[in-house]
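**Student:** Below is the file work_34.cif, which contains mmCIF, C-alpha atoms and all ligand atoms.
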data_entry
loop_
_atom_site.label_atom_id
_atom_site.label_comp_id
_atom_site.auth_asym_id
_atom_site.auth_seq_id
_atom_site.Cartn_x
_atom_site.Cartn_y
_atom_site.Cartn_z
CA MET R 11 0.00 0.00 0.00
CA THR R 12 1.37 3.45 -0.89
CA LYS R 13 1.68 5.98 1.95
CA PRO R 14 -0.52 9.09 1.70
CA ASN R 15 1.44 12.16 0.56
CA VAL R 16 4.23 10.04 -0.89
CA TYR R 17 4.76 10.50 -4.60
CA SER R 18 6.97 8.65 -7.03
CA ILE R 19 9.14 10.29 -9.65
CA GLU R 20 10.28 8.84 -12.95
CA PRO R 21 13.43 10.44 -14.43
CA ILE R 22 12.98 11.85 -17.95
CA GLY R 23 16.58 11.18 -18.92
CA THR R 24 20.16 10.64 -17.85
CA LEU R 25 23.12 13.02 -18.01
CA GLU R 26 26.36 12.11 -19.75
CA SER R 27 29.09 14.19 -18.09
CA PRO R 28 32.92 14.37 -18.01
CA PHE R 29 32.71 14.13 -14.19
CA LYS R 30 33.10 10.44 -13.37
CA GLN R 31 33.37 10.90 -9.60
CA LYS R 32 32.00 13.47 -7.13
CA PHE R 33 35.43 14.66 -5.98
CA ALA R 34 36.52 17.86 -7.78
CA ILE R 35 33.14 18.62 -9.35
CA PRO R 36 32.61 22.36 -8.84
CA ARG R 37 30.12 23.30 -6.14
CA GLN R 38 27.92 25.28 -8.52
CA PRO R 39 27.26 25.10 -12.28
CA ALA R 40 29.09 28.03 -13.90
CA LEU R 41 32.40 27.34 -12.14
CA ALA R 42 33.96 24.83 -14.56
CA LYS R 43 32.47 25.46 -18.01
CA ALA R 44 31.94 21.69 -18.32
CA GLN R 45 29.68 20.36 -21.03
CA GLY R 46 27.47 17.28 -21.18
CA ARG R 47 24.32 15.94 -22.77
CA ILE R 48 21.03 14.59 -21.50
CA LYS R 49 19.75 11.47 -23.20
CA LEU R 50 15.97 11.56 -22.96
CA THR R 51 14.33 8.23 -22.23
CA PRO R 52 10.98 6.96 -23.55
CA PRO R 53 8.22 8.12 -23.30
CA PHE R 54 9.90 11.52 -22.73
CA SER R 55 12.11 11.22 -25.81
CA ASP R 56 9.31 12.44 -28.08
CA PRO R 57 11.00 15.35 -29.98
CA ASN R 58 7.81 17.38 -29.48
CA SER R 59 8.67 17.70 -25.79
CA LEU R 60 11.65 19.92 -26.75
CA ARG R 61 9.82 21.99 -29.35
CA GLN R 62 10.99 25.68 -29.15
CA ILE R 63 13.41 25.00 -26.30
CA ASP R 64 16.04 26.53 -28.60
CA THR R 65 14.49 29.94 -27.89
CA TYR R 66 16.04 29.88 -24.39
CA SER R 67 19.75 30.42 -23.79
CA HIS R 68 19.63 28.84 -20.32
CA LEU R 69 17.64 26.10 -18.63
CA TRP R 70 16.96 24.83 -15.13
CA LEU R 71 17.76 21.18 -14.60
CA LEU R 72 16.10 19.38 -11.72
CA PHE R 73 17.81 16.12 -10.87
CA LEU R 74 18.47 13.49 -8.22
CA PHE R 75 21.68 13.37 -6.20
CA HIS R 76 21.54 9.67 -6.99
CA GLU R 77 24.92 8.78 -5.44
CA ASN R 78 23.77 10.07 -2.03
CA LEU R 79 20.16 8.90 -1.92
CA ASP R 80 21.00 5.93 0.31
CA LYS R 81 22.83 8.15 2.82
CA GLY R 82 19.73 9.94 4.13
CA TRP R 83 19.62 13.45 5.53
CA SER R 84 19.77 15.34 8.80
CA PRO R 85 18.31 18.75 9.79
CA THR R 86 21.79 20.31 9.92
CA VAL R 87 24.79 19.78 7.65
CA ARG R 88 28.44 20.83 7.49
CA ALA R 89 28.51 22.54 4.11
CA PRO R 90 32.04 22.41 2.58
CA ARG R 91 31.49 25.79 0.90
CA LEU R 92 30.94 27.29 4.36
CA GLY R 93 34.23 25.90 5.68
CA GLY R 94 32.97 22.50 6.86
CA ASN R 95 33.04 23.35 10.60
CA THR R 96 29.73 24.88 11.61
CA ARG R 97 26.42 23.12 11.20
CA THR R 98 23.84 24.93 9.08
CA GLY R 99 20.17 24.10 8.53
CA VAL R 100 19.91 21.81 5.52
CA PHE R 101 17.41 24.14 3.86
CA ALA R 102 19.90 27.02 4.21
CA THR R 103 22.43 25.11 2.07
CA ARG R 104 22.75 23.45 -1.33
CA SER R 105 23.93 20.25 0.38
CA THR R 106 23.51 17.01 -1.51
CA PHE R 107 22.29 15.25 1.67
CA ARG R 108 18.70 16.45 1.80
CA PRO R 109 15.18 15.07 2.05
CA ASN R 110 14.18 13.78 -1.40
CA GLY R 111 17.72 14.31 -2.75
CA ILE R 112 16.65 16.86 -5.39
CA GLY R 113 19.18 19.26 -6.93
CA MET R 114 18.76 22.19 -9.30
CA SER R 115 21.27 23.82 -11.64
CA ALA R 116 20.93 26.67 -14.13
CA VAL R 117 22.81 25.49 -17.23
CA GLU R 118 23.58 26.75 -20.72
CA ASN R 119 21.37 25.42 -23.52
CA LEU R 120 23.72 24.10 -26.24
CA GLY R 121 20.99 22.64 -28.44
CA VAL R 122 19.03 19.53 -29.34
CA LYS R 123 20.51 16.71 -31.42
CA HIS R 124 18.48 13.82 -32.74
CA THR R 125 20.82 10.98 -33.69
CA ALA R 126 20.50 7.28 -34.41
CA SER R 127 21.20 6.59 -30.73
CA GLY R 128 18.47 8.88 -29.44
CA LEU R 129 17.29 12.37 -28.58
CA PHE R 130 19.90 14.50 -26.78
CA LEU R 131 19.86 17.93 -25.18
CA HIS R 132 23.39 19.37 -24.97
CA VAL R 133 24.10 21.52 -21.92
CA GLY R 134 27.00 23.64 -20.65
CA ASN R 135 28.14 24.86 -17.21
CA ILE R 136 27.21 21.60 -15.49
CA ASP R 137 28.13 20.57 -11.94
CA LEU R 138 26.73 17.04 -12.18
CA LEU R 139 28.06 13.54 -12.08
CA HIS R 140 27.96 11.18 -15.06
CA GLY R 141 24.74 9.17 -14.88
CA THR R 142 22.74 11.75 -12.91
CA PRO R 143 19.01 11.10 -13.36
CA ILE R 144 17.28 14.23 -14.70
CA ILE R 145 13.73 14.64 -13.41
CA ASP R 146 12.70 17.85 -15.16
CA ILE R 147 13.90 20.61 -17.49
CA LYS R 148 12.47 24.15 -17.41
CA PRO R 149 13.42 27.37 -19.18
CA TYR R 150 15.46 29.92 -17.22
CA ILE R 151 13.44 33.12 -17.41
CA PRO R 152 15.66 36.17 -16.78
CA TYR R 153 12.88 38.65 -15.97
CA SER R 154 11.82 36.62 -12.94
CA ASP R 155 14.73 34.26 -12.18
CA ALA R 156 17.52 36.91 -12.15
CA ILE R 157 16.73 38.85 -8.99
CA GLN R 158 18.74 42.08 -8.99
CA ASN R 159 18.75 42.82 -5.25
CA ALA R 160 19.18 39.23 -4.02
CA SER R 161 21.67 38.69 -1.19
CA ALA R 162 23.46 35.67 0.35
CA ALA R 163 25.20 37.09 3.42
CA LEU R 164 26.34 33.66 4.67
CA LEU R 165 28.58 33.33 1.58
CA ASP R 166 29.82 36.94 1.42
CA ASP R 167 33.21 36.31 3.04
CA LYS R 168 33.66 32.85 1.45
CA PRO R 169 35.34 33.44 -1.91
CA VAL R 170 35.82 30.43 -4.19
CA PRO R 171 39.55 29.46 -4.05
CA ASN R 172 41.55 30.38 -7.14
CA LEU R 173 44.88 28.50 -7.10
CA ALA R 174 47.36 28.61 -9.98
CA VAL R 175 47.39 25.27 -11.86
CA ASN R 176 50.69 24.02 -13.34
CA PHE R 177 51.52 20.89 -15.33
CA THR R 178 54.76 18.96 -15.11
CA GLU R 179 56.43 18.27 -18.46
CA GLN R 180 55.28 14.64 -18.28
CA ALA R 181 51.65 15.64 -17.55
CA ARG R 182 51.65 18.18 -20.39
CA ALA R 183 52.85 15.54 -22.88
CA GLN R 184 50.22 13.07 -21.61
CA LEU R 185 47.52 15.75 -21.84
CA ALA R 186 48.39 16.41 -25.48
CA ARG R 187 47.53 12.77 -26.26
CA GLN R 188 44.01 12.97 -24.76
CA PRO R 189 41.19 13.20 -27.31
CA GLN R 190 38.91 15.69 -25.45
CA GLN R 191 39.62 19.26 -26.54
CA ASP R 192 38.18 20.78 -23.38
CA LEU R 193 40.18 18.58 -20.95
CA PRO R 194 42.97 21.14 -20.24
CA LEU R 195 40.48 23.88 -19.35
CA LEU R 196 38.35 21.44 -17.34
CA ILE R 197 41.36 20.37 -15.26
CA GLU R 198 42.43 23.97 -14.74
CA ASN R 199 38.97 25.23 -13.78
CA CYS R 200 38.20 22.37 -11.39
CA LEU R 201 41.57 22.12 -9.63
CA SER R 202 42.00 25.91 -9.25
CA GLN R 203 38.98 25.74 -6.93
CA ASP R 204 40.96 23.51 -4.55
CA PRO R 205 38.68 20.49 -4.23
CA ARG R 206 40.54 19.26 -1.14
CA PRO R 207 38.50 18.98 2.07
CA ALA R 208 37.98 22.38 3.79
CA TYR R 209 40.39 21.55 6.66
CA LYS R 210 43.19 20.95 4.13
CA GLN R 211 42.77 24.17 2.20
CA SER R 212 45.04 26.18 4.50
CA GLN R 213 47.82 23.62 3.89
CA LEU R 214 50.05 25.25 1.28
CA ASP R 215 52.44 22.27 1.10
CA ASP R 216 50.42 19.09 1.13
CA PRO R 217 52.36 15.82 0.82
CA LYS R 218 49.28 13.89 -0.35
CA ASP R 219 48.89 12.78 -3.97
CA TYR R 220 45.33 13.38 -5.16
CA GLN R 221 43.62 11.66 -8.06
CA VAL R 222 40.43 12.51 -9.96
CA GLN R 223 38.82 11.13 -13.11
CA PHE R 224 37.62 13.44 -15.90
CA TYR R 225 36.27 11.62 -18.99
CA ASP R 226 38.46 8.52 -19.30
CA ALA R 227 41.58 10.09 -17.82
CA ASP R 228 42.92 9.73 -14.29
CA VAL R 229 44.47 13.04 -13.29
CA HIS R 230 47.07 12.97 -10.49
CA TRP R 231 47.92 16.22 -8.69
CA ARG R 232 49.27 17.75 -5.53
CA VAL R 233 49.52 21.15 -3.84
CA SER R 234 52.94 22.70 -3.38
CA GLN R 235 53.66 26.28 -2.20
CA GLY R 236 49.96 27.08 -2.53
CA GLU R 237 49.81 26.06 -6.19
CA VAL R 238 48.40 22.96 -7.89
CA TRP R 239 50.82 20.73 -9.78
CA VAL R 240 49.34 18.16 -12.16
CA THR R 241 51.91 15.37 -12.14
CA GLU R 242 50.44 12.62 -14.31
CA ILE R 243 47.48 11.97 -16.62
CA VAL R 244 46.73 8.29 -17.14
CA SER R 245 44.43 7.19 -19.93
CA LEU R 246 41.94 4.56 -18.74
CA VAL R 247 41.01 3.26 -22.22
N1 LIG M 1 23.67 23.22 -8.34
C1 LIG M 1 23.10 22.11 -7.61
C2 LIG M 1 22.16 22.56 -6.51
O1 LIG M 1 22.37 23.67 -6.00
O2 LIG M 1 21.25 21.82 -6.17
C3 LIG M 1 24.17 21.19 -7.04
C4 LIG M 1 24.97 21.79 -5.93
S1 LIG M 1 25.86 20.55 -5.08
C5 LIG M 1 26.61 21.50 -3.80
C6 LIG M 1 27.18 20.23 -6.19
C7 LIG M 1 27.90 18.97 -5.82
O3 LIG M 1 27.02 17.87 -5.97
C8 LIG M 1 29.06 18.64 -6.72
O4 LIG M 1 30.23 19.27 -6.25
C9 LIG M 1 29.15 17.11 -6.65
O5 LIG M 1 30.10 16.70 -5.69
C10 LIG M 1 27.76 16.69 -6.16
N2 LIG M 1 27.02 15.90 -7.15
C11 LIG M 1 26.83 16.17 -8.46
N3 LIG M 1 26.07 15.24 -9.04
C12 LIG M 1 25.73 14.35 -8.06
C13 LIG M 1 24.95 13.16 -8.04
N4 LIG M 1 24.33 12.70 -9.12
N5 LIG M 1 24.85 12.48 -6.86
C14 LIG M 1 25.47 12.94 -5.74
N6 LIG M 1 26.22 14.07 -5.71
C15 LIG M 1 26.35 14.76 -6.85
#
Can the structure from this file be put into structure tokens for me?
**Tutor:**
Amino acid sequence: MTKPNVYSIEPIGTLESPFKQKFAIPRQPALAKAQGRIKLTPPFSDPNSLRQIDTYSHLWLLFLFHENLDKGWSPTVRAPRLGGNTRTGVFATRSTFRPNGIGMSAVENLGVKHTASGLFLHVGNIDLLHGTPIIDIKPYIPYSDAIQNASAALLDDKPVPNLAVNFTEQARAQLARQPQQDLPLLIENCLSQDPRPAYKQSQLDDPKDYQVQFYDADVHWRVSQGEVWVTEIVSLV
């Protein structure tokens, strides 16, 4: 028997993204200029459902934080963007650990492509994991969605880190062999934001070797003298 006031949701499609793991994905959409595409699934893959969507430059994506759904939620969270120390009410954050696990991102509309393998909506400025279930798409409407006098005082003194990103000679040569044109910029944009845990971010010389996967490449990096050094890029295919 279904519980009263409990509703089920069927995703309309799945996102294909260069982000193959949560680590190092930017905390909000416009921060990495990453591109992906949504493959619409039947019965939502009827091309009529996207008719005139090309008249909007930006779209809202509503999606499920599917990798965290089994981890539940609590009324307060330690948001990494707020330094990771104080607990904030879950509804005063964009935490991924929330009731119903629903996320929302304003993304760039890069157009519809109908190919032999299906109906795709290409999107830019994404902050979402590969395989994220998309539950709705809506147009971004500047006259009402862009609120001129909006404020977010909690974030005012929390600038996004902006570290210099360097490549060793070996990493640069390996990068040149990777097929994705946007990989260098993706690495630079994501790592400059210092994806290390908040408590590590004051550590200017960090002995740890970090690893993150973008597309099919394992990127190894470390922080030295307050700058990121990409040391190796290993192709996984
Ligand atoms: N812009 C969205 C929002 O405000 O609802 C997402 C913000 S959330 C702070 C962004 C983080 O979600 C990313 O850094 C990544 O680690 C995580 N993430 C992205 N896709 C996810 C998924 N499908 N499941 C779980 N976590 C995900």
**Student:** Residues at most 8 Å from Thr103 of chain R, counting all atoms listed in the file, excluding those fewer than 4 positions away in the same chain, as a list in words?
**Tutor:**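 Residues meeting the cut-off are Ala89, Thr98 and Gly99 of chain R.
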**Student:** Using all atoms listed in the file, I'd like a table of the residues in chain R that come within 9 Å of ligand LIG 1 (chain M); for each, show the closest atom pair and its distance in Å rounded to one decimal, ordered by chain and ascending number, as a Markdown table.
**Tutor:**
| residue | atom | partner | partner_atom | distance |
| --- | --- | --- | --- | --- |
| R:Leu25 | CA | M:LIG1 | N4 | 9.0 |
| R:Phe29 | CA | M:LIG1 | C11 | 8.5 |
| R:Gln31 | CA | M:LIG1 | O5 | 7.7 |
| R:Lys32 | CA | M:LIG1 | O5 | 4.0 |
| R:Phe33 | CA | M:LIG1 | O5 | 5.7 |
| R:Ala34 | CA | M:LIG1 | O4 | 6.6 |
| R:Ile35 | CA | M:LIG1 | O4 | 4.3 |
| R:Pro36 | CA | M:LIG1 | O4 | 4.7 |
| R:Arg37 | CA | M:LIG1 | O4 | 4.0 |
| R:Gln38 | CA | M:LIG1 | N1 | 4.7 |
| R:Pro39 | CA | M:LIG1 | N1 | 5.7 |
| R:Leu71 | CA | M:LIG1 | C1 | 8.8 |
| R:Leu72 | CA | M:LIG1 | O2 | 8.0 |
| R:Phe73 | CA | M:LIG1 | N4 | 7.6 |
| R:Leu74 | CA | M:LIG1 | N4 | 6.0 |
| R:Phe75 | CA | M:LIG1 | N5 | 3.4 |
| R:His76 | CA | M:LIG1 | N5 | 4.3 |
| R:Glu77 | CA | M:LIG1 | N5 | 4.0 |
| R:Asn78 | CA | M:LIG1 | C14 | 5.0 |
| R:Leu79 | CA | M:LIG1 | C14 | 7.7 |
| R:Ala89 | CA | M:LIG1 | C5 | 8.2 |
| R:Pro90 | CA | M:LIG1 | C5 | 8.4 |
| R:Arg91 | CA | M:LIG1 | C5 | 8.0 |
| R:Thr103 | CA | M:LIG1 | C5 | 8.1 |
| R:Arg104 | CA | M:LIG1 | O1 | 4.7 |
| R:Ser105 | CA | M:LIG1 | C5 | 5.1 |
| R:Thr106 | CA | M:LIG1 | S1 | 5.5 |
| R:Phe107 | CA | M:LIG1 | C14 | 8.4 |
| R:Gly111 | CA | M:LIG1 | C14 | 8.4 |
| R:Ile112 | CA | M:LIG1 | O2 | 6.8 |
| R:Gly113 | CA | M:LIG1 | O2 | 3.4 |
| R:Met114 | CA | M:LIG1 | O2 | 4.0 |
| R:Ser115 | CA | M:LIG1 | N1 | 4.1 |
| R:Ala116 | CA | M:LIG1 | N1 | 7.3 |
| R:Ile136 | CA | M:LIG1 | N1 | 8.1 |
| R:Asp137 | CA | M:LIG1 | C8 | 5.6 |
| R:Leu138 | CA | M:LIG1 | N3 | 3.7 |
| R:Leu139 | CA | M:LIG1 | N3 | 4.0 |
| R:His140 | CA | M:LIG1 | N4 | 7.1 |
| R:Gly141 | CA | M:LIG1 | N4 | 6.8 |
| R:Thr142 | CA | M:LIG1 | N4 | 4.2 |
| R:Pro143 | CA | M:LIG1 | N4 | 7.0 |
| R:Pro205 | CA | M:LIG1 | O4 | 8.8 |
**Student:** Can you spit out the residues from that selection as a PDB file, in the frame of the given file, using C-alpha atoms?
**Tutor:**
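File part_28.pdb, as written:
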ATOM      1  CA  LEU R  25      23.120  13.020 -18.010  1.00  0.00           C
ATOM      2  CA  PHE R  29      32.710  14.130 -14.190  1.00  0.00           C
ATOM      3  CA  GLN R  31      33.370  10.900  -9.600  1.00  0.00           C
ATOM      4  CA  LYS R  32      32.000  13.470  -7.130  1.00  0.00           C
ATOM      5  CA  PHE R  33      35.430  14.660  -5.980  1.00  0.00           C
ATOM      6  CA  ALA R  34      36.520  17.860  -7.780  1.00  0.00           C
ATOM      7  CA  ILE R  35      33.140  18.620  -9.350  1.00  0.00           C
ATOM      8  CA  PRO R  36      32.610  22.360  -8.840  1.00  0.00           C
ATOM      9  CA  ARG R  37      30.120  23.300  -6.140  1.00  0.00           C
ATOM     10  CA  GLN R  38      27.920  25.280  -8.520  1.00  0.00           C
ATOM     11  CA  PRO R  39      27.260  25.100 -12.280  1.00  0.00           C
ATOM     12  CA  LEU R  71      17.760  21.180 -14.600  1.00  0.00           C
ATOM     13  CA  LEU R  72      16.100  19.380 -11.720  1.00  0.00           C
ATOM     14  CA  PHE R  73      17.810  16.120 -10.870  1.00  0.00           C
ATOM     15  CA  LEU R  74      18.470  13.490  -8.220  1.00  0.00           C
ATOM     16  CA  PHE R  75      21.680  13.370  -6.200  1.00  0.00           C
ATOM     17  CA  HIS R  76      21.540   9.670  -6.990  1.00  0.00           C
ATOM     18  CA  GLU R  77      24.920   8.780  -5.440  1.00  0.00           C
ATOM     19  CA  ASN R  78      23.770  10.070  -2.030  1.00  0.00           C
ATOM     20  CA  LEU R  79      20.160   8.900  -1.920  1.00  0.00           C
ATOM     21  CA  ALA R  89      28.510  22.540   4.110  1.00  0.00           C
ATOM     22  CA  PRO R  90      32.040  22.410   2.580  1.00  0.00           C
ATOM     23  CA  ARG R  91      31.490  25.790   0.900  1.00  0.00           C
ATOM     24  CA  THR R 103      22.430  25.110   2.070  1.00  0.00           C
ATOM     25  CA  ARG R 104      22.750  23.450  -1.330  1.00  0.00           C
ATOM     26  CA  SER R 105      23.930  20.250   0.380  1.00  0.00           C
ATOM     27  CA  THR R 106      23.510  17.010  -1.510  1.00  0.00           C
ATOM     28  CA  PHE R 107      22.290  15.250   1.670  1.00  0.00           C
ATOM     29  CA  GLY R 111      17.720  14.310  -2.750  1.00  0.00           C
ATOM     30  CA  ILE R 112      16.650  16.860  -5.390  1.00  0.00           C
ATOM     31  CA  GLY R 113      19.180  19.260  -6.930  1.00  0.00           C
ATOM     32  CA  MET R 114      18.760  22.190  -9.300  1.00  0.00           C
ATOM     33  CA  SER R 115      21.270  23.820 -11.640  1.00  0.00           C
ATOM     34  CA  ALA R 116      20.930  26.670 -14.130  1.00  0.00           C
ATOM     35  CA  ILE R 136      27.210  21.600 -15.490  1.00  0.00           C
ATOM     36  CA  ASP R 137      28.130  20.570 -11.940  1.00  0.00           C
ATOM     37  CA  LEU R 138      26.730  17.040 -12.180  1.00  0.00           C
ATOM     38  CA  LEU R 139      28.060  13.540 -12.080  1.00  0.00           C
ATOM     39  CA  HIS R 140      27.960  11.180 -15.060  1.00  0.00           C
ATOM     40  CA  GLY R 141      24.740   9.170 -14.880  1.00  0.00           C
ATOM     41  CA  THR R 142      22.740  11.750 -12.910  1.00  0.00           C
ATOM     42  CA  PRO R 143      19.010  11.100 -13.360  1.00  0.00           C
ATOM     43  CA  PRO R 205      38.680  20.490  -4.230  1.00  0.00           C
TER      44      PRO R 205
END
**Student:** Select, from R:Ile48, R:Ala160, R:Ala227, R:Ile151, the residue with the minimum atom-to-atom distance to Lys30 of chain R, counting all atoms listed in the file.
**Tutor:** R:Ala227
**Student:** Of the residues R:Tyr153, R:Glu242, R:His230, R:Ser212, which is the one nearest to Ala186 of chain R, using only C-alpha atoms?
**Tutor:**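 Going through R:Tyr153, R:Glu242, R:His230, R:Ser212 one by one, the smallest distance to Ala186 of chain R is for R:Glu242.
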**Student:** With distances taken over all atoms listed in the file, which of R:Asp64, R:Glu237, R:Asp146, R:Asp226 is nearest to Gln190 of chain R?
**Tutor:**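 The shortest atom-to-atom distance to Gln190 of chain R comes from R:Asp226.
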**Student:** Which residue gives the smallest distance to Ser202 of chain R among R:Val244, R:Val122, R:Ala174, R:Ala183, with only C-alpha atoms counted?
**Tutor:**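 The answer is R:Ala174, which sits nearest to Ser202 of chain R.
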**Student:** Distance atom CA of Thr178 of chain R-atom CA of Ser234 of chain R, one decimal place?
**Tutor:**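 Going from atom CA of Thr178 of chain R over to atom CA of Ser234 of chain R, I get 12.4 Å.
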**Student:** Residues within 10 Å of Arg97 of chain R, please, as a PyMOL selection string. Count only C-alpha atoms; anything in the same chain fewer than 6 positions from it doesn't count.
**Tutor:** chain R and resi 85-89
**Student:** How many Å lie between atom CA of Asp204 of chain R and atom CA of Ile243 of chain R, rounded to one decimal?
**Tutor:**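 Distance reported for this atom pair: 17.9 Å.
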**Student:** Work out how far apart atom CA of Ile145 of chain R and atom CA of Glu20 of chain R are and give it in Å to one decimal.
**Tutor:**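 Calculated distance between atom CA of Ile145 of chain R and atom CA of Glu20 of chain R is 6.8 Å.
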**Student:** Specify the axis-aligned box that encloses all atoms of segment 106-110 of chain R listed in the file after padding of 8 Å on each side, stating its centre and edge lengths in Å to one decimal as AutoDock Vina command-line options.
**Tutor:**
--center_x 18.8 --center_y 15.4 --center_z 0.3 --size_x 25.3 --size_y 19.2 --size_z 19.6
**Student:** Under the rule that all atoms listed in the file are counted, which of R:Asn159, R:Lys49, R:Phe224, R:Gly94 is the nearest residue to Pro21 of chain R?
**Tutor:**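 Closest to Pro21 of chain R of all the choices is R:Lys49.
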**Student:** Given the choices R:Lys210, R:Asn176, R:Asp216, R:Asp56, which gets closest to Pro194 of chain R if the distance is worked out from all atoms listed in the file?
**Tutor:**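 Ranking R:Lys210, R:Asn176, R:Asp216, R:Asp56 by distance to Pro194 of chain R, first place goes to R:Asn176.
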